[in-house]
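A.B. asks: One file: model_25.cif (mmCIF, C-alpha atoms; chains and numbers go by the auth columns).
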```cif
data_start
loop_
_atom_site.group_PDB
_atom_site.id
_atom_site.type_symbol
_atom_site.label_atom_id
_atom_site.label_comp_id
_atom_site.label_asym_id
_atom_site.label_seq_id
_atom_site.Cartn_x
_atom_site.Cartn_y
_atom_site.Cartn_z
_atom_site.B_iso_or_equiv
_atom_site.auth_seq_id
_atom_site.auth_asym_id
ATOM 1 C CA MET A 1 -9.986 13.762 26.204 0.00 1 A
ATOM 2 C CA GLY A 2 -8.524 14.450 22.762 0.00 2 A
ATOM 3 C CA GLU A 3 -5.511 12.269 23.521 0.00 3 A
ATOM 4 C CA ASN A 4 -7.735 9.375 24.591 0.00 4 A
ATOM 5 C CA PHE A 5 -9.771 9.706 21.400 0.00 5 A
ATOM 6 C CA THR A 6 -6.578 9.606 19.318 0.00 6 A
ATOM 7 C CA LYS A 7 -5.499 6.395 21.040 0.00 7 A
ATOM 8 C CA VAL A 8 -8.898 4.802 20.424 0.00 8 A
ATOM 9 C CA GLN A 9 -8.740 5.879 16.785 0.00 9 A
ATOM 10 C CA GLN A 10 -5.239 4.458 16.440 0.00 10 A
ATOM 11 C CA ARG A 11 -6.301 1.113 17.932 0.00 11 A
ATOM 12 C CA ALA A 12 -9.273 0.926 15.562 0.00 12 A
ATOM 13 C CA ILE A 13 -7.012 1.478 12.536 0.00 13 A
ATOM 14 C CA GLN A 14 -4.377 -0.874 13.925 0.00 14 A
ATOM 15 C CA TYR A 15 -6.955 -3.624 14.309 0.00 15 A
ATOM 16 C CA TRP A 16 -7.474 -3.725 10.546 0.00 16 A
ATOM 17 C CA PHE A 17 -3.780 -4.625 10.074 0.00 17 A
ATOM 18 C CA LEU A 18 -3.487 -6.913 13.091 0.00 18 A
ATOM 19 C CA ASP A 19 -4.065 -10.217 11.280 0.00 19 A
ATOM 20 C CA GLY A 20 -1.779 -9.505 8.295 0.00 20 A
ATOM 21 C CA LEU A 21 -4.522 -9.844 5.665 0.00 21 A
ATOM 22 C CA ALA A 22 -4.222 -6.237 4.498 0.00 22 A
ATOM 23 C CA GLU A 23 -0.498 -6.647 3.808 0.00 23 A
ATOM 24 C CA ILE A 24 -0.999 -9.977 2.036 0.00 24 A
ATOM 25 C CA SER A 25 -3.592 -8.441 -0.276 0.00 25 A
ATOM 26 C CA ALA A 26 -1.366 -5.389 -0.875 0.00 26 A
ATOM 27 C CA GLY A 27 1.485 -7.733 -1.816 0.00 27 A
ATOM 28 C CA LEU A 28 -0.754 -9.561 -4.299 0.00 28 A
ATOM 29 C CA ILE A 29 -1.802 -6.233 -5.823 0.00 29 A
ATOM 30 C CA CYS A 30 1.874 -5.352 -6.232 0.00 30 A
ATOM 31 C CA PHE A 31 2.421 -8.582 -8.205 0.00 31 A
ATOM 32 C CA LEU A 32 -0.571 -7.712 -10.391 0.00 32 A
ATOM 33 C CA LEU A 33 0.924 -4.278 -11.074 0.00 33 A
ATOM 34 C CA VAL A 34 4.227 -5.901 -12.056 0.00 34 A
ATOM 35 C CA ALA A 35 2.380 -8.018 -14.624 0.00 35 A
ATOM 36 C CA LEU A 36 0.588 -4.926 -15.923 0.00 36 A
ATOM 37 C CA PHE A 37 3.855 -3.005 -16.230 0.00 37 A
ATOM 38 C CA VAL A 38 5.314 -5.866 -18.271 0.00 38 A
ATOM 39 C CA LEU A 39 2.221 -6.069 -20.502 0.00 39 A
ATOM 40 C CA TRP A 40 2.306 -2.284 -20.961 0.00 40 A
ATOM 41 C CA GLN A 41 5.591 -2.642 -22.844 0.00 41 A
ATOM 42 C CA LEU A 42 4.189 -5.390 -25.092 0.00 42 A
ATOM 43 C CA ILE A 43 0.760 -4.073 -26.118 0.00 43 A
ATOM 44 C CA PRO A 44 0.235 -1.329 -28.739 0.00 44 A
ATOM 45 C CA LEU A 45 -0.208 2.070 -27.088 0.00 45 A
ATOM 46 C CA THR A 46 -3.427 3.993 -27.758 0.00 46 A
ATOM 47 C CA ARG A 47 -5.191 6.872 -26.053 0.00 47 A
ATOM 48 C CA TRP A 48 -7.222 4.285 -24.117 0.00 48 A
ATOM 49 C CA SER A 49 -4.195 2.305 -22.938 0.00 49 A
ATOM 50 C CA LEU A 50 -3.869 4.102 -19.611 0.00 50 A
ATOM 51 C CA PHE A 51 -7.578 3.630 -18.887 0.00 51 A
ATOM 52 C CA ILE A 52 -7.428 -0.076 -19.758 0.00 52 A
ATOM 53 C CA PHE A 53 -4.228 -0.408 -17.730 0.00 53 A
ATOM 54 C CA PHE A 54 -5.861 0.673 -14.470 0.00 54 A
ATOM 55 C CA ILE A 55 -9.190 -1.169 -14.814 0.00 55 A
ATOM 56 C CA PRO A 56 -7.788 -4.598 -13.745 0.00 56 A
ATOM 57 C CA ALA A 57 -5.856 -3.009 -10.867 0.00 57 A
ATOM 58 C CA PHE A 58 -8.951 -1.278 -9.481 0.00 58 A
ATOM 59 C CA ALA A 59 -11.161 -4.337 -10.064 0.00 59 A
ATOM 60 C CA VAL A 60 -8.752 -6.687 -8.279 0.00 60 A
ATOM 61 C CA SER A 61 -8.215 -4.178 -5.452 0.00 61 A
ATOM 62 C CA PHE A 62 -11.970 -3.902 -4.901 0.00 62 A
ATOM 63 C CA GLY A 63 -12.392 -7.669 -5.083 0.00 63 A
ATOM 64 C CA LEU A 64 -9.596 -8.272 -2.577 0.00 64 A
ATOM 65 C CA ARG A 65 -11.158 -5.721 -0.226 0.00 65 A
ATOM 66 C CA LEU A 66 -14.395 -7.734 -0.223 0.00 66 A
ATOM 67 C CA LEU A 67 -12.467 -10.997 0.142 0.00 67 A
ATOM 68 C CA ILE A 68 -10.538 -9.646 3.138 0.00 68 A
ATOM 69 C CA GLN A 69 -13.810 -8.701 4.803 0.00 69 A
ATOM 70 C CA LYS A 70 -15.203 -12.210 4.267 0.00 70 A
ATOM 71 C CA ILE A 71 -12.057 -13.875 5.622 0.00 71 A
ATOM 72 C CA LYS A 72 -12.061 -11.560 8.652 0.00 72 A
ATOM 73 C CA GLU A 73 -15.664 -12.518 9.366 0.00 73 A
ATOM 74 C CA ARG A 74 -14.634 -16.178 9.470 0.00 74 A
ATOM 75 C CA THR A 75 -11.189 -16.062 11.106 0.00 75 A
ATOM 76 C CA THR A 76 -10.582 -12.696 12.797 0.00 76 A
ATOM 77 C CA TYR A 77 -13.801 -11.395 14.312 0.00 77 A
ATOM 78 C CA PRO A 78 -14.680 -14.717 16.026 0.00 78 A
ATOM 79 C CA ARG A 79 -11.307 -14.567 17.817 0.00 79 A
ATOM 80 C CA THR A 80 -10.947 -10.919 18.831 0.00 80 A
ATOM 81 C CA GLY A 81 -14.250 -9.251 17.977 0.00 81 A
ATOM 82 C CA TYR A 82 -15.335 -6.658 15.447 0.00 82 A
ATOM 83 C CA VAL A 83 -14.120 -3.052 15.462 0.00 83 A
ATOM 84 C CA ALA A 84 -15.270 -0.581 12.830 0.00 84 A
ATOM 85 C CA PRO A 85 -12.185 1.355 11.643 0.00 85 A
ATOM 86 C CA PHE A 86 -12.196 5.149 11.477 0.00 86 A
ATOM 87 C CA SER A 87 -12.023 6.596 7.991 0.00 87 A
ATOM 88 C CA GLY A 88 -9.235 8.903 6.919 0.00 88 A
ATOM 89 C CA MET A 89 -11.782 11.664 6.280 0.00 89 A
ATOM 90 C CA GLU A 90 -12.272 12.004 10.041 0.00 90 A
ATOM 91 C CA ASN A 91 -8.705 13.194 10.506 0.00 91 A
ATOM 92 C CA LYS A 92 -8.567 16.611 8.823 0.00 92 A
ATOM 93 C CA ARG A 93 -4.842 17.059 9.338 0.00 93 A
ATOM 94 C CA ALA A 94 -4.115 13.706 7.715 0.00 94 A
ATOM 95 C CA LEU A 95 -6.414 14.571 4.814 0.00 95 A
ATOM 96 C CA VAL A 96 -4.698 17.915 4.202 0.00 96 A
ATOM 97 C CA MET A 97 -1.253 16.297 4.272 0.00 97 A
ATOM 98 C CA MET A 98 -2.328 13.618 1.820 0.00 98 A
ATOM 99 C CA ILE A 99 -3.766 16.225 -0.574 0.00 99 A
ATOM 100 C CA VAL A 100 -0.611 18.363 -0.427 0.00 100 A
ATOM 101 C CA PHE A 101 1.634 15.347 -0.973 0.00 101 A
ATOM 102 C CA THR A 102 -0.482 14.158 -3.917 0.00 102 A
ATOM 103 C CA ILE A 103 -0.314 17.585 -5.570 0.00 103 A
ATOM 104 C CA VAL A 104 3.466 17.761 -5.120 0.00 104 A
ATOM 105 C CA LEU A 105 3.895 14.208 -6.446 0.00 105 A
ATOM 106 C CA LEU A 106 1.785 14.908 -9.533 0.00 106 A
ATOM 107 C CA ALA A 107 3.718 18.117 -10.163 0.00 107 A
ATOM 108 C CA VAL A 108 7.067 16.300 -9.934 0.00 108 A
ATOM 109 C CA ASN A 109 5.887 13.533 -12.274 0.00 109 A
ATOM 110 C CA PHE A 110 4.571 16.072 -14.760 0.00 110 A
ATOM 111 C CA TYR A 111 7.880 17.896 -14.676 0.00 111 A
ATOM 112 C CA LEU A 112 9.812 14.671 -15.300 0.00 112 A
ATOM 113 C CA THR A 113 7.655 13.769 -18.305 0.00 113 A
ATOM 114 C CA THR A 114 8.477 17.127 -19.915 0.00 114 A
ATOM 115 C CA GLN A 115 12.236 16.695 -19.509 0.00 115 A
ATOM 116 C CA GLY A 116 12.780 13.729 -21.831 0.00 116 A
ATOM 117 C CA GLU A 117 14.111 10.207 -21.398 0.00 117 A
ATOM 118 C CA THR A 118 16.911 11.167 -18.995 0.00 118 A
ATOM 119 C CA ALA A 119 14.483 12.661 -16.503 0.00 119 A
ATOM 120 C CA LEU A 120 12.227 9.602 -16.750 0.00 120 A
ATOM 121 C CA LEU A 121 15.074 7.554 -15.295 0.00 121 A
ATOM 122 C CA ARG A 122 14.292 9.299 -12.010 0.00 122 A
ATOM 123 C CA SER A 123 10.729 7.966 -11.997 0.00 123 A
ATOM 124 C CA PRO A 124 11.587 4.849 -9.935 0.00 124 A
ATOM 125 C CA GLY A 125 12.915 7.219 -7.288 0.00 125 A
ATOM 126 C CA VAL A 126 9.636 9.146 -7.312 0.00 126 A
ATOM 127 C CA ALA A 127 7.732 5.847 -7.079 0.00 127 A
ATOM 128 C CA GLY A 128 9.957 4.779 -4.187 0.00 128 A
ATOM 129 C CA LEU A 129 9.256 8.083 -2.448 0.00 129 A
ATOM 130 C CA THR A 130 5.526 7.553 -2.957 0.00 130 A
ATOM 131 C CA PHE A 131 5.657 4.040 -1.489 0.00 131 A
ATOM 132 C CA ALA A 132 7.799 5.283 1.400 0.00 132 A
ATOM 133 C CA PHE A 133 5.312 8.025 2.233 0.00 133 A
ATOM 134 C CA VAL A 134 2.319 5.665 2.140 0.00 134 A
ATOM 135 C CA PHE A 135 3.972 3.039 4.336 0.00 135 A
ATOM 136 C CA ALA A 136 5.458 5.584 6.755 0.00 136 A
ATOM 137 C CA TRP A 137 2.054 7.224 7.113 0.00 137 A
ATOM 138 C CA THR A 138 0.455 3.813 7.694 0.00 138 A
ATOM 139 C CA GLY A 139 3.106 3.107 10.317 0.00 139 A
ATOM 140 C CA TYR A 140 2.322 6.419 11.995 0.00 140 A
ATOM 141 C CA LEU A 141 -1.423 5.737 12.034 0.00 141 A
ATOM 142 C CA THR A 142 -1.111 2.158 13.274 0.00 142 A
ATOM 143 C CA ALA A 143 2.059 2.407 15.427 0.00 143 A
ATOM 144 C CA LEU A 144 3.253 -0.811 13.752 0.00 144 A
ATOM 145 C CA ARG A 145 7.016 -0.691 13.205 0.00 145 A
ATOM 146 C CA ARG A 146 7.040 -3.133 10.320 0.00 146 A
ATOM 147 C CA PHE A 147 5.558 -0.470 8.049 0.00 147 A
ATOM 148 C CA TYR A 148 8.506 1.850 8.736 0.00 148 A
ATOM 149 C CA PHE A 149 10.846 -0.893 7.550 0.00 149 A
ATOM 150 C CA THR A 150 8.814 -1.280 4.335 0.00 150 A
ATOM 151 C CA ALA A 151 8.925 2.501 3.853 0.00 151 A
ATOM 152 C CA PHE A 152 12.712 2.583 4.227 0.00 152 A
ATOM 153 C CA PHE A 153 13.079 -0.429 1.927 0.00 153 A
ATOM 154 C CA SER A 154 10.977 1.208 -0.818 0.00 154 A
ATOM 155 C CA LEU A 155 12.920 4.457 -0.555 0.00 155 A
ATOM 156 C CA PHE A 156 16.272 2.641 -0.698 0.00 156 A
ATOM 157 C CA VAL A 157 15.301 0.483 -3.699 0.00 157 A
ATOM 158 C CA GLY A 158 13.890 3.502 -5.560 0.00 158 A
ATOM 159 C CA ALA A 159 17.110 5.453 -5.011 0.00 159 A
ATOM 160 C CA ALA A 160 19.218 2.451 -6.065 0.00 160 A
ATOM 161 C CA LEU A 161 17.237 2.068 -9.314 0.00 161 A
ATOM 162 C CA VAL A 162 17.791 5.735 -10.120 0.00 162 A
ATOM 163 C CA PHE A 163 21.511 5.339 -9.451 0.00 163 A
ATOM 164 C CA LEU A 164 21.650 2.251 -11.712 0.00 164 A
ATOM 165 C CA GLU A 165 19.682 4.153 -14.396 0.00 165 A
ATOM 166 C CA ILE A 166 17.096 1.420 -14.820 0.00 166 A
ATOM 167 C CA GLY A 167 14.380 2.339 -17.328 0.00 167 A
ATOM 168 C CA TYR A 168 11.002 3.699 -16.247 0.00 168 A
ATOM 169 C CA PHE A 169 8.798 0.619 -16.656 0.00 169 A
ATOM 170 C CA SER A 170 11.489 -1.863 -15.676 0.00 170 A
ATOM 171 C CA GLY A 171 12.505 0.212 -12.660 0.00 171 A
ATOM 172 C CA VAL A 172 8.966 0.702 -11.347 0.00 172 A
ATOM 173 C CA ALA A 173 8.188 -2.992 -11.981 0.00 173 A
ATOM 174 C CA ILE A 174 11.264 -4.068 -9.994 0.00 174 A
ATOM 175 C CA LEU A 175 10.400 -1.681 -7.163 0.00 175 A
ATOM 176 C CA THR A 176 6.776 -2.841 -7.061 0.00 176 A
ATOM 177 C CA GLY A 177 7.713 -6.516 -7.199 0.00 177 A
ATOM 178 C CA LEU A 178 10.276 -6.297 -4.391 0.00 178 A
ATOM 179 C CA THR A 179 7.861 -4.281 -2.279 0.00 179 A
ATOM 180 C CA GLY A 180 5.231 -6.947 -2.917 0.00 180 A
ATOM 181 C CA VAL A 181 7.601 -9.642 -1.648 0.00 181 A
ATOM 182 C CA ILE A 182 8.225 -7.654 1.558 0.00 182 A
ATOM 183 C CA LEU A 183 4.505 -7.059 2.079 0.00 183 A
ATOM 184 C CA LEU A 184 3.632 -10.698 1.478 0.00 184 A
ATOM 185 C CA PHE A 185 6.330 -11.946 3.853 0.00 185 A
ATOM 186 C CA SER A 186 5.371 -9.383 6.512 0.00 186 A
ATOM 187 C CA GLY A 187 1.679 -10.202 6.177 0.00 187 A
ATOM 188 C CA ILE A 188 2.236 -13.958 6.474 0.00 188 A
ATOM 189 C CA GLN A 189 4.406 -13.480 9.562 0.00 189 A
ATOM 190 C CA ALA A 190 1.811 -11.171 11.137 0.00 190 A
ATOM 191 C CA ARG A 191 -0.961 -13.661 10.392 0.00 191 A
ATOM 192 C CA ARG A 192 0.949 -16.554 11.943 0.00 192 A
ATOM 193 C CA ALA A 193 1.621 -14.473 15.047 0.00 193 A
ATOM 194 C CA TYR A 194 -2.052 -13.487 15.221 0.00 194 A
ATOM 195 C CA PHE A 195 -3.240 -17.112 15.100 0.00 195 A
ATOM 196 C CA ARG A 196 -0.650 -18.122 17.690 0.00 196 A
ATOM 197 C CA LEU A 197 -1.668 -15.376 20.127 0.00 197 A
ATOM 198 C CA ASN A 198 -5.427 -15.657 19.510 0.00 198 A
ATOM 199 C CA PRO A 199 -6.628 -19.288 19.455 0.00 199 A
ATOM 200 C CA PRO A 200 -10.216 -19.989 18.317 0.00 200 A
ATOM 201 C CA SER A 201 -12.928 -19.316 20.856 0.00 201 A
ATOM 202 C CA ASN A 202 -15.316 -22.111 21.842 0.00 202 A
ATOM 203 C CA GLU A 203 -18.210 -19.678 22.148 0.00 203 A
#
```
Represent the structure contained in this file as C-alpha cells.
C.D. replies:
Amino acid sequence: MGENFTKVQQRAIQYWFLDGLAEISAGLICFLLVALFVLWQLIPLTRWSLFIFFIPAFAVSFGLRLLIQKIKERTTYPRTGYVAPFSGMENKRALVMMIVFTIVLLAVNFYLTTQGETALLRSPGVAGLTFAFVFAWTGYLTALRRFYFTAFFSLFVGAALVFLEIGYFSGVAILTGLTGVILLFSGIQARRAYFRLNPPSNE
C-alpha cells in the first residue's frame, strides 16, 4: 500500500514537469539572477542592498508561477487532464533532509565569509553543490533523468570555477547563466516532446 502511494505521489509531482514549463521558467529566473549579480557589482552597497537584491527575484518567481498555471490551463490540462501535485510538506523524510542540507549550506557559507577573499573563491563551488542537490533531489522525486544531468553539470561547472579561481560574483553569475541555458534548452525539448505525444483533444 505504501509503495503504491509513493508511486502515485511521484506521478503527481512528475506531471508538473511533464510539459517543460517549469524548467523554462527556472531558466528565465536564472537569467534574471545573472542580471542581478552584475548589477550588484555596479550599485552602491548599503545595509538594504541584500533586501533590494532579492525583491525582484521573488517577485518574478511568483509571477512566473502564476503564468505557468495559466499556460497549463490553456495548453496542458486540456490535453492530459489536471492533477494536483503533492506538496513537499507531506513527505517528512524529504523535509528533514532539506532542513539539514540548508543548515549545513548556511554554515559552510558563513564559514567562507569569515575566512577572507581566498575562501570566497570557493563560493561558486558551494553554489554548484547547492544547484546539484536541488536538481538531483528533483530528479529523485520525479524520476526524470534530465534533472540528474543538470545536477552533474552544475556540480562540474562549480568545481571548474573554483579551480580557475573566478571571483565570487562573476563565478556565481557564470554558473547561474550556464545552468539557465541548460534548463531552457531542456524545457523547450520537453515541451516539444509533450506537444508531439499529446495532440489537442477535440472534446
A.B. asks: Write out as a list in words which residues come within 7 Å of region 136-148 of chain A when counting only C-alpha atoms, dropping same-chain ones fewer than 6 positions away.
C.D. replies: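 The residues that qualify are Gln10, Ile13 and Gln14 of chain A.
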A.B. asks: If the PyMOL selection byres ((chain A and resi 187) around 8) is run on the structure shown, which residues does it catch, given as a list in words?
C.D. replies: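 Given this file, the PyMOL selection byres ((chain A and resi 187) around 8) evaluates to Asp19, Gly20, Leu21, Ala22, Glu23, Ile24, Leu183, Leu184, Phe185, Ser186, Ile188, Gln189, Ala190 and Arg191 of chain A.
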A.B. asks: Those same residues, written as a compact mmCIF listing (two decimals), in the coordinates of the input with C-alpha atoms?
C.D. replies:
```txt
# COMPACT_ATOMS: atom_id res chain seq x y z
CA ASP A 19 -4.07 -10.22 11.28
CA GLY A 20 -1.78 -9.51 8.30
CA LEU A 21 -4.52 -9.84 5.66
CA ALA A 22 -4.22 -6.24 4.50
CA GLU A 23 -0.50 -6.65 3.81
CA ILE A 24 -1.00 -9.98 2.04
CA LEU A 183 4.50 -7.06 2.08
CA LEU A 184 3.63 -10.70 1.48
CA PHE A 185 6.33 -11.95 3.85
CA SER A 186 5.37 -9.38 6.51
CA ILE A 188 2.24 -13.96 6.47
CA GLN A 189 4.41 -13.48 9.56
CA ALA A 190 1.81 -11.17 11.14
CA ARG A 191 -0.96 -13.66 10.39
```
A.B. asks: Got a sec: who's within 8 Å of Ile68 (chain A), counting only C-alpha atoms, leaving out chain neighbours fewer than 2 positions off, as a compact mmCIF listing (two decimals) with C-alpha atoms, keeping the file's coordinate frame?
C.D. replies:
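result.txt written:
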```
# COMPACT_ATOMS: atom_id res chain seq x y z
CA LEU A 21 -4.52 -9.84 5.66
CA ALA A 22 -4.22 -6.24 4.50
CA SER A 25 -3.59 -8.44 -0.28
CA LEU A 64 -9.60 -8.27 -2.58
CA ARG A 65 -11.16 -5.72 -0.23
CA LEU A 66 -14.40 -7.73 -0.22
CA LYS A 70 -15.20 -12.21 4.27
CA ILE A 71 -12.06 -13.88 5.62
CA LYS A 72 -12.06 -11.56 8.65
```
A.B. asks: Run the PyMOL selection byres ((chain A and resi 75-79) around 9) against the file shown and list the residues it catches, as a list in words.
C.D. replies: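 Checking the PyMOL selection byres ((chain A and resi 75-79) around 9) against this file, the residues are Asp19, Lys70, Ile71, Lys72, Glu73, Arg74, Thr80, Gly81, Tyr82, Val83, Tyr194, Phe195, Asn198, Pro199, Pro200, Ser201 and Glu203 of chain A.
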A.B. asks: Using only C-alpha atoms, which of the listed residues (A:Leu33, A:Leu28, A:Ala132, A:Gly167) sits closest to Ile55 (chain A)?
C.D. replies: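 Comparing A:Leu33, A:Leu28, A:Ala132, A:Gly167 against Ile55 (chain A), the winner is A:Leu33.
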A.B. asks: With all atoms listed in the file as the basis for distance, which of A:Leu18, A:Ala59, A:Ala193, A:Ala127 is at the shortest distance from Ala159 (chain A)?
C.D. replies: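 Once distances to Ala159 (chain A) are computed over all atoms listed in the file, the minimum belongs to A:Ala127.
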A.B. asks: In Å to one decimal, how far is CA of Ala26 (chain A) from CA of Arg192 (chain A)?
C.D. replies: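 Here the two named atoms are 17.2 Å from each other.
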A.B. asks: So how many Å separate CA of Thr176 (chain A) and CA of Tyr15 (chain A), to one decimal?
C.D. replies: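 Distance between the two atoms: 25.4 Å.
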A.B. asks: Hey, can you check how far CA of Trp40 (chain A) sits from CA of Leu129 (chain A)?
C.D. replies: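 Calculated distance between CA of Trp40 (chain A) and CA of Leu129 (chain A) is 22.3 Å.
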A.B. asks: Write out as lines of an AutoDock Vina configuration file an axis-aligned box for region 13-22 of chain A: all of its atoms listed in the file, 8 Å added on each side, centre and edge lengths in Å with one decimal.
C.D. replies:
```
center_x = -4.6
center_y = -4.4
center_z = 9.4
size_x = 21.7
size_y = 27.7
size_z = 25.8
```
A.B. asks: Can you tell me which residues surround Phe37 (chain A) at a distance of at most 10 Å, considering only C-alpha atoms, apart from same-chain residues fewer than 3 positions away, and format the answer as a list of chain:residue names?
C.D. replies: A:Phe31, A:Leu32, A:Leu33, A:Val34, A:Trp40, A:Gln41, A:Leu42, A:Phe53, A:Tyr168, A:Phe169, A:Ser170, A:Gly171, A:Val172, A:Ala173, A:Ile174, A:Thr176
A.B. asks: Name every residue that the PyMOL selection byres ((chain A and resi 154) around 8) selects in this structure, writing the answer as a list in words with chains first and numbers rising.
C.D. replies: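 What the PyMOL selection byres ((chain A and resi 154) around 8) grabs from the file is Gly128, Leu129, Phe131, Ala132, Thr150, Ala151, Phe152, Phe153, Leu155, Phe156, Val157, Gly158, Leu175 and Thr179 of chain A.
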